[in-house]
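See below for the structure under consideration.
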Amino acid sequence: MNPPVKWLLVFVGVVLFLSFLFAPGKTPVNWSEIDFSTTSDARLYFHNVRSFYYHLDATSKKPMRIYSLRRRTPEDDSLSLQFNIVQHPNNDQAYIYASLGKAFKHIDSASVVFTKGLAKEPFYRLKAENHYRIAAKVYQSLEQENPVYLVHRQDTLANLYDLKQSQINAEITLEDYFKLTHKH
């Protein structure tokens, strides 16, 4: 083998080895940091690839776009907590919107409880930050396979993701949202 070619291959090998050796590790996600901003590449990915699995909600008005997962059915979502992605392209922001299923619409002051009896998030008079906090906690609970409960005062009304289909729907929507906002 020619000596310059040999040295070039050794150099390339050493550079690759060092780049893998000193590559930065994965940074942990700070779920308490609320940020609705998106980047152009994340919006492009969502719009060109992931939005195929969503339909635009009829109630969305320009410039806001409300994306609802197409595979959701009223039967699956009646007894669960549903999420929609709300995108505001002019401000380069995306929000998550949480809503209770039809079976729980009559409840005025419900709370979402994570890991029975511990962390509790009220589910009334919600602002964008509250929707985000609920979505982040639900996503973490679903990833860790912990139950999520709906509570009214002291009464536990339901385990929100008893049905596997509603759990999968929530995971898909939340994963897409957190990829859009660079949290996943």
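Ordering of the structure tokens sets the chain letters (A, B, ...), residue numbers begin anew at 1 in every chain, and ligands are numbered from 1 in the order given.
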Let's see if you can do this: from backbone DSSP, list all strand (DSSP E) residues in stretch 20-135 of chain A, as a PDB file with N, CA and C atoms, in the first residue's frame.
```pdb
ATOM      1  N   TYR A  54     -53.012  13.164  11.103  1.00  0.00           N
ATOM      2  CA  TYR A  54     -53.917  14.066  11.806  1.00  0.00           C
ATOM      3  C   TYR A  54     -54.886  14.691  10.820  1.00  0.00           C
ATOM      4  N   HIS A  55     -56.007  15.163  11.347  1.00  0.00           N
ATOM      5  CA  HIS A  55     -56.882  15.980  10.511  1.00  0.00           C
ATOM      6  C   HIS A  55     -57.034  17.342  11.183  1.00  0.00           C
ATOM      7  N   LEU A  56     -57.233  18.342  10.351  1.00  0.00           N
ATOM      8  CA  LEU A  56     -57.434  19.689  10.883  1.00  0.00           C
ATOM      9  C   LEU A  56     -58.816  19.771  11.490  1.00  0.00           C
ATOM     10  N   ARG A  65     -53.870  26.327  13.727  1.00  0.00           N
ATOM     11  CA  ARG A  65     -54.264  25.033  13.184  1.00  0.00           C
ATOM     12  C   ARG A  65     -54.347  24.040  14.335  1.00  0.00           C
ATOM     13  N   ILE A  66     -55.495  23.391  14.470  1.00  0.00           N
ATOM     14  CA  ILE A  66     -55.684  22.396  15.521  1.00  0.00           C
ATOM     15  C   ILE A  66     -55.658  21.016  14.867  1.00  0.00           C
ATOM     16  N   TYR A  67     -54.676  20.216  15.253  1.00  0.00           N
ATOM     17  CA  TYR A  67     -54.512  18.875  14.702  1.00  0.00           C
ATOM     18  C   TYR A  67     -55.043  17.846  15.683  1.00  0.00           C
ATOM     19  N   SER A  68     -55.965  16.996  15.203  1.00  0.00           N
ATOM     20  CA  SER A  68     -56.503  15.887  15.995  1.00  0.00           C
ATOM     21  C   SER A  68     -56.098  14.584  15.320  1.00  0.00           C
ATOM     22  N   LEU A  69     -55.716  13.623  16.107  1.00  0.00           N
ATOM     23  CA  LEU A  69     -55.279  12.335  15.577  1.00  0.00           C
ATOM     24  C   LEU A  69     -56.432  11.658  14.842  1.00  0.00           C
ATOM     25  N   LEU A  81     -58.444  11.152  28.566  1.00  0.00           N
ATOM     26  CA  LEU A  81     -57.988  12.523  28.394  1.00  0.00           C
ATOM     27  C   LEU A  81     -57.367  12.592  27.012  1.00  0.00           C
ATOM     28  N   GLN A  82     -57.892  13.483  26.152  1.00  0.00           N
ATOM     29  CA  GLN A  82     -57.407  13.577  24.776  1.00  0.00           C
ATOM     30  C   GLN A  82     -56.529  14.800  24.619  1.00  0.00           C
ATOM     31  N   PHE A  83     -55.624  14.718  23.650  1.00  0.00           N
ATOM     32  CA  PHE A  83     -54.731  15.827  23.373  1.00  0.00           C
ATOM     33  C   PHE A  83     -54.803  16.207  21.905  1.00  0.00           C
ATOM     34  N   ASN A  84     -54.758  17.502  21.648  1.00  0.00           N
ATOM     35  CA  ASN A  84     -54.681  18.046  20.299  1.00  0.00           C
ATOM     36  C   ASN A  84     -53.463  18.953  20.215  1.00  0.00           C
ATOM     37  N   ILE A  85     -52.864  19.014  19.047  1.00  0.00           N
ATOM     38  CA  ILE A  85     -51.725  19.894  18.823  1.00  0.00           C
ATOM     39  C   ILE A  85     -52.251  21.157  18.166  1.00  0.00           C
ATOM     40  N   VAL A  86     -51.948  22.296  18.760  1.00  0.00           N
ATOM     41  CA  VAL A  86     -52.371  23.594  18.228  1.00  0.00           C
ATOM     42  C   VAL A  86     -51.124  24.302  17.742  1.00  0.00           C
ATOM     43  N   GLN A  87     -51.089  24.579  16.459  1.00  0.00           N
ATOM     44  CA  GLN A  87     -49.900  25.191  15.869  1.00  0.00           C
ATOM     45  C   GLN A  87     -50.213  26.613  15.438  1.00  0.00           C
ATOM     46  N   HIS A  88     -49.327  27.519  15.812  1.00  0.00           N
ATOM     47  CA  HIS A  88     -49.440  28.923  15.403  1.00  0.00           C
ATOM     48  C   HIS A  88     -48.221  29.241  14.538  1.00  0.00           C
ATOM     49  N   GLN A  93     -44.777  28.800  17.075  1.00  0.00           N
ATOM     50  CA  GLN A  93     -45.082  28.152  18.341  1.00  0.00           C
ATOM     51  C   GLN A  93     -46.101  27.037  18.134  1.00  0.00           C
ATOM     52  N   ALA A  94     -46.031  26.054  19.026  1.00  0.00           N
ATOM     53  CA  ALA A  94     -47.000  24.961  19.040  1.00  0.00           C
ATOM     54  C   ALA A  94     -47.431  24.735  20.477  1.00  0.00           C
ATOM     55  N   TYR A  95     -48.710  24.505  20.667  1.00  0.00           N
ATOM     56  CA  TYR A  95     -49.273  24.295  21.990  1.00  0.00           C
ATOM     57  C   TYR A  95     -49.924  22.927  22.029  1.00  0.00           C
ATOM     58  N   ILE A  96     -50.127  22.431  23.224  1.00  0.00           N
ATOM     59  CA  ILE A  96     -50.873  21.192  23.404  1.00  0.00           C
ATOM     60  C   ILE A  96     -52.167  21.543  24.116  1.00  0.00           C
ATOM     61  N   TYR A  97     -53.257  20.922  23.688  1.00  0.00           N
ATOM     62  CA  TYR A  97     -54.559  21.196  24.296  1.00  0.00           C
ATOM     63  C   TYR A  97     -55.114  19.882  24.831  1.00  0.00           C
ATOM     64  N   ALA A  98     -55.387  19.846  26.123  1.00  0.00           N
ATOM     65  CA  ALA A  98     -55.937  18.657  26.770  1.00  0.00           C
ATOM     66  C   ALA A  98     -57.432  18.848  26.991  1.00  0.00           C
ATOM     67  N   SER A  99     -58.198  17.811  26.704  1.00  0.00           N
ATOM     68  CA  SER A  99     -59.646  17.873  26.951  1.00  0.00           C
ATOM     69  C   SER A  99     -60.130  16.521  27.463  1.00  0.00           C
ATOM     70  N   LEU A 100     -61.124  16.575  28.320  1.00  0.00           N
ATOM     71  CA  LEU A 100     -61.699  15.355  28.880  1.00  0.00           C
ATOM     72  C   LEU A 100     -62.654  14.722  27.886  1.00  0.00           C
ATOM     73  N   ALA A 110     -62.586  18.896  38.205  1.00  0.00           N
ATOM     74  CA  ALA A 110     -61.843  17.645  38.259  1.00  0.00           C
ATOM     75  C   ALA A 110     -60.346  17.935  38.357  1.00  0.00           C
ATOM     76  N   SER A 111     -59.617  16.921  38.766  1.00  0.00           N
ATOM     77  CA  SER A 111     -58.159  16.995  38.809  1.00  0.00           C
ATOM     78  C   SER A 111     -57.594  15.722  38.206  1.00  0.00           C
ATOM     79  N   VAL A 112     -56.423  15.851  37.624  1.00  0.00           N
ATOM     80  CA  VAL A 112     -55.723  14.693  37.081  1.00  0.00           C
ATOM     81  C   VAL A 112     -54.650  14.322  38.090  1.00  0.00           C
ATOM     82  N   VAL A 113     -54.653  13.041  38.492  1.00  0.00           N
ATOM     83  CA  VAL A 113     -53.724  12.573  39.510  1.00  0.00           C
ATOM     84  C   VAL A 113     -52.785  11.550  38.886  1.00  0.00           C
ATOM     85  N   PHE A 114     -51.516  11.712  39.181  1.00  0.00           N
ATOM     86  CA  PHE A 114     -50.483  10.818  38.663  1.00  0.00           C
ATOM     87  C   PHE A 114     -49.938  10.008  39.824  1.00  0.00           C
ATOM     88  N   LYS A 120     -50.839  16.114  41.674  1.00  0.00           N
ATOM     89  CA  LYS A 120     -52.214  16.403  41.295  1.00  0.00           C
ATOM     90  C   LYS A 120     -52.236  17.703  40.496  1.00  0.00           C
ATOM     91  N   GLU A 121     -52.909  17.685  39.359  1.00  0.00           N
ATOM     92  CA  GLU A 121     -53.040  18.881  38.524  1.00  0.00           C
ATOM     93  C   GLU A 121     -54.527  19.196  38.361  1.00  0.00           C
ATOM     94  N   PRO A 122     -54.969  20.370  38.765  1.00  0.00           N
ATOM     95  CA  PRO A 122     -56.381  20.732  38.574  1.00  0.00           C
ATOM     96  C   PRO A 122     -56.705  20.841  37.088  1.00  0.00           C
TER      97      PRO A 122
END
```
Please run DSSP on the backbone and report, as a PyMOL selection string, all residues within chain A that come out as helix (DSSP H, G or I). chain A and resi 3-21+40-48+50-53+74-77+102-104+128-143+164-180
Residues near stretch 39-48 of chain A, anyone? I mean within 8 Å using only C-alpha atoms, not counting same-chain ones fewer than 6 positions away, as an mmCIF file with N, CA and C atoms, in the first residue's frame.
```cif
data_model
loop_
_atom_site.group_PDB
_atom_site.id
_atom_site.type_symbol
_atom_site.label_atom_id
_atom_site.label_comp_id
_atom_site.auth_asym_id
_atom_site.auth_seq_id
_atom_site.Cartn_x
_atom_site.Cartn_y
_atom_site.Cartn_z
ATOM 1 N N ASP A 92 -44.238 30.863 15.239
ATOM 2 C CA ASP A 92 -43.339 29.707 15.364
ATOM 3 C C ASP A 92 -43.525 29.014 16.701
ATOM 4 N N ASP A 176 -45.424 13.251 19.232
ATOM 5 C CA ASP A 176 -45.330 14.189 18.107
ATOM 6 C C ASP A 176 -45.199 15.628 18.593
ATOM 7 N N LYS A 179 -41.718 16.199 20.080
ATOM 8 C CA LYS A 179 -40.714 16.282 19.001
ATOM 9 C C LYS A 179 -40.799 17.639 18.311
ATOM 10 N N LEU A 180 -42.006 18.139 18.164
ATOM 11 C CA LEU A 180 -42.207 19.430 17.525
ATOM 12 C C LEU A 180 -41.587 20.559 18.344
ATOM 13 N N THR A 181 -41.624 20.437 19.665
ATOM 14 C CA THR A 181 -41.050 21.463 20.539
ATOM 15 C C THR A 181 -39.672 21.072 21.072
ATOM 16 N N HIS A 182 -39.081 20.052 20.500
ATOM 17 C CA HIS A 182 -37.720 19.594 20.833
ATOM 18 C C HIS A 182 -37.551 19.165 22.281
#
```
Out of A:Ser80, A:Phe11, A:Leu174, A:Asn146, which residue has the shortest atom-to-atom distance to A:Arg133 when counting only C-alpha atoms? A:Leu174
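When only C-alpha atoms are used to compute distances to A:Lys102, the closest of the residues A:Asn159, A:Ser60, A:Ser51, A:Thr73 turns out to be A:Thr73.
Atom CA of A:Ala135 sits 17.7 Å away from atom CA of A:Lys164.
Across A:Tyr139, A:Arg153, A:Ile107, A:Ala58, the tightest approach to A:Gln167 is made by A:Tyr139 when counting only C-alpha atoms.
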Mind giving me the straight-line distance from atom CA of A:Asn91 to atom CA of A:Ser37 in Å, one decimal? 8.1 Å
